[in-house]
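Structure first, then comments.
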Amino acid sequence: MVTPADPGTTRTSVWLAAEPAAPARRRSEDPAGLDRERITAAAVRLLDAEGLARFSMRRLAAGLGVTAMSLYWYVDTKHDLLELALDNALGELGEQQEPAGPPAEGWPGRLRSLARGYRRLLVDHPWVAPLTAAYPNIGPHARAFDAALHRLLDSTGLSDATRTGARLAVSQFLHGCGGTVRRPPDGEFCLALDVLIAGIQAHAGNATGAAAPAAPAAPAGP
């Protein structure tokens, strides 16, 4: 079970700490081509191949052909590396961060594309779901995805207060439907997504109706 910090310790997110410079060392000690980006990419591959439970710095180092201690020239802890791997995977959403969707469908089509893209990510990388629950998830790709969701919900016509609830509902839906306890079949997922979108549309319609000016009263009869 991955936890944000080991018992009895506190830690700062890797995204809130300055990247440490590698200590001075002899050229012969420097693994050829090793850097934080390469280590992170290798961590993603290992997590995909063997899962979160079997992931270790020793296994990762063996795959890279270096010693485990050499990895700590570039990351302070295993937790830091898992945070980096998490955001690296979220970067695969790419264009899904702000999908165009069919023009006739407007924001509902964009939300469907975004949700399906996120679902595919969780299917391709089953370890992402538990890590999003364990870590603050504030890396650059996570923030870009969150900003895209904000912009999408801004276009729904919801009031500010209702938009906050809609954002929570969408976030819970995305994480819940891709979690490790039970991932619903595609048909169930699409139906649940349609229900969520219908609810947002209903609230948006109510907000539009409330904001519409009242019709002028009919003139009084003679």
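By convention here, the chains of the structure tokens are called A, B, ... in the order presented, each chain's residues are numbered starting at 1, and ligands are numbered starting at 1 in the order presented.
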Problem set entry | Polymer residues at most 9 Å from A:Ser13, only C-alpha atoms, same-chain spacing of 3 or more positions, as a list in words |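 Residues near the query, excluding close chain neighbours: Pro4, Leu16, Ala17, His79, Asp80, Glu83, Tyr135, Pro136, Asn137 and Ile138 of chain A.
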Dump all heavy atoms for the selected residues as a short mmCIF file (atom, residue, chain, number, x, y, z; two decimals), in the first residue's frame?
```cif
data_model
loop_
_atom_site.label_atom_id
_atom_site.label_comp_id
_atom_site.auth_asym_id
_atom_site.auth_seq_id
_atom_site.Cartn_x
_atom_site.Cartn_y
_atom_site.Cartn_z
N PRO A 4 1.38 8.54 1.46
CA PRO A 4 2.09 9.78 1.13
C PRO A 4 3.41 9.93 1.86
O PRO A 4 4.28 10.63 1.42
CB PRO A 4 1.08 10.87 1.54
CG PRO A 4 -0.25 10.19 1.48
CD PRO A 4 0.02 8.78 1.91
N LEU A 16 6.99 20.67 -4.83
CA LEU A 16 7.14 21.85 -3.97
C LEU A 16 8.58 22.02 -3.48
O LEU A 16 8.88 22.98 -2.78
CB LEU A 16 6.20 21.75 -2.76
CG LEU A 16 4.71 21.68 -3.08
CD1 LEU A 16 3.90 21.53 -1.80
CD2 LEU A 16 4.27 22.92 -3.85
N ALA A 17 9.43 21.09 -3.83
CA ALA A 17 10.82 21.14 -3.41
C ALA A 17 11.70 21.46 -4.60
O ALA A 17 11.43 21.03 -5.73
CB ALA A 17 11.24 19.80 -2.80
N HIS A 79 9.16 7.84 -2.97
CA HIS A 79 7.90 8.57 -3.08
C HIS A 79 8.01 9.70 -4.10
O HIS A 79 7.08 9.95 -4.87
CB HIS A 79 7.49 9.13 -1.71
CG HIS A 79 7.07 8.07 -0.74
ND1 HIS A 79 5.91 7.36 -0.87
CD2 HIS A 79 7.68 7.60 0.38
CE1 HIS A 79 5.80 6.50 0.14
NE2 HIS A 79 6.86 6.63 0.90
N ASP A 80 9.15 10.39 -4.08
CA ASP A 80 9.35 11.47 -5.06
C ASP A 80 9.29 10.92 -6.48
O ASP A 80 8.69 11.52 -7.38
CB ASP A 80 10.70 12.16 -4.83
CG ASP A 80 10.69 13.07 -3.61
OD1 ASP A 80 9.61 13.25 -3.01
OD2 ASP A 80 11.76 13.59 -3.26
N GLU A 83 5.77 10.14 -7.57
CA GLU A 83 5.06 11.38 -7.95
C GLU A 83 5.45 11.80 -9.36
O GLU A 83 4.60 12.23 -10.14
CB GLU A 83 5.39 12.50 -6.96
CG GLU A 83 4.52 12.56 -5.74
CD GLU A 83 4.60 13.91 -5.06
OE1 GLU A 83 3.81 14.80 -5.43
OE2 GLU A 83 5.46 14.07 -4.17
N TYR A 135 -1.06 10.79 -3.36
CA TYR A 135 -0.21 11.98 -3.48
C TYR A 135 -1.03 13.21 -3.84
O TYR A 135 -2.15 13.09 -4.35
CB TYR A 135 0.88 11.73 -4.53
CG TYR A 135 1.84 10.63 -4.15
CD1 TYR A 135 2.00 9.51 -4.96
CD2 TYR A 135 2.56 10.70 -2.96
CE1 TYR A 135 2.87 8.49 -4.60
CE2 TYR A 135 3.42 9.69 -2.59
CZ TYR A 135 3.58 8.59 -3.41
OH TYR A 135 4.43 7.58 -3.05
N PRO A 136 -0.47 14.41 -3.61
CA PRO A 136 -1.25 15.63 -3.86
C PRO A 136 -1.58 15.89 -5.32
O PRO A 136 -2.48 16.67 -5.62
CB PRO A 136 -0.34 16.74 -3.29
CG PRO A 136 1.03 16.16 -3.23
CD PRO A 136 0.84 14.69 -2.98
N ASN A 137 -0.87 15.26 -6.25
CA ASN A 137 -1.24 15.34 -7.67
C ASN A 137 -1.25 16.78 -8.17
O ASN A 137 -2.25 17.29 -8.68
CB ASN A 137 -2.61 14.70 -7.87
CG ASN A 137 -2.82 14.19 -9.29
OD1 ASN A 137 -1.88 14.01 -10.04
ND2 ASN A 137 -4.06 13.93 -9.65
N ILE A 138 -0.10 17.45 -7.99
CA ILE A 138 0.00 18.87 -8.36
C ILE A 138 1.12 19.11 -9.37
O ILE A 138 1.63 20.23 -9.49
CB ILE A 138 0.23 19.75 -7.12
CG1 ILE A 138 1.46 19.25 -6.32
CG2 ILE A 138 -1.01 19.77 -6.24
CD1 ILE A 138 1.81 20.15 -5.14
#
```
Problem set entry | Shell around A:Ala53 at 12 Å using only C-alpha atoms, local window under 4 positions removed, as number ranges by chain | A: 1-2, 46-49, 59, 126-127, 130-131
Identify, on the basis of only C-alpha atoms, every residue whose closest approach to A:Arg143 does not exceed 12 Å; exclude the query and any residue fewer than 4 positions from it along the same chain; express the result as a short mmCIF file (atom, residue, chain, number, x, y, z; two decimals) with N, CA and C atoms, in the first residue's frame.
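Heads up, here's the output in selection-v1.cif:
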```cif
data_model
loop_
_atom_site.label_atom_id
_atom_site.label_comp_id
_atom_site.auth_asym_id
_atom_site.auth_seq_id
_atom_site.Cartn_x
_atom_site.Cartn_y
_atom_site.Cartn_z
N TRP A 15 7.01 18.33 -6.16
CA TRP A 15 6.71 19.52 -6.94
C TRP A 15 6.83 20.80 -6.14
N ASP A 87 2.84 12.01 -12.75
CA ASP A 87 2.61 13.15 -13.63
C ASP A 87 3.06 12.85 -15.06
N LEU A 90 0.19 11.15 -16.68
CA LEU A 90 -0.89 12.09 -16.97
C LEU A 90 -0.57 12.92 -18.21
N GLY A 91 0.70 13.09 -18.51
CA GLY A 91 1.09 13.82 -19.71
C GLY A 91 0.66 13.13 -20.98
N GLN A 97 -6.48 16.84 -23.01
CA GLN A 97 -6.64 17.85 -21.98
C GLN A 97 -7.66 18.90 -22.40
N PRO A 136 -0.47 14.41 -3.61
CA PRO A 136 -1.25 15.63 -3.86
C PRO A 136 -1.58 15.89 -5.32
N ASN A 137 -0.87 15.26 -6.25
CA ASN A 137 -1.24 15.34 -7.67
C ASN A 137 -1.25 16.78 -8.17
N ILE A 138 -0.10 17.45 -7.99
CA ILE A 138 0.00 18.87 -8.36
C ILE A 138 1.12 19.11 -9.37
N GLY A 139 1.50 18.08 -10.10
CA GLY A 139 2.52 18.25 -11.12
C GLY A 139 2.00 19.05 -12.30
N ALA A 147 -6.92 22.48 -15.26
CA ALA A 147 -7.26 23.75 -15.90
C ALA A 147 -8.19 23.53 -17.09
N ALA A 148 -7.95 22.45 -17.84
CA ALA A 148 -8.82 22.14 -18.98
C ALA A 148 -10.23 21.82 -18.51
N LEU A 149 -10.34 21.11 -17.39
CA LEU A 149 -11.66 20.80 -16.84
C LEU A 149 -12.36 22.08 -16.38
N HIS A 150 -11.60 22.99 -15.78
CA HIS A 150 -12.18 24.27 -15.36
C HIS A 150 -12.74 25.02 -16.57
#
```
Exercise. So, counting only C-alpha atoms, which residue among A:His141, A:His125, A:Arg112, A:Arg11 is closest to A:Ile197?
Worked result: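 Closest candidate: A:Arg112.
Computed from the coordinates, the atom CA of A:Asp186 to atom CA of A:Ala169 distance equals 19.2 Å.
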Exercise. Distance atom CA of A:Thr164-atom CA of A:Ala115, one decimal place?
Worked result: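 Separation between atom CA of A:Thr164 and atom CA of A:Ala115: 17.7 Å.
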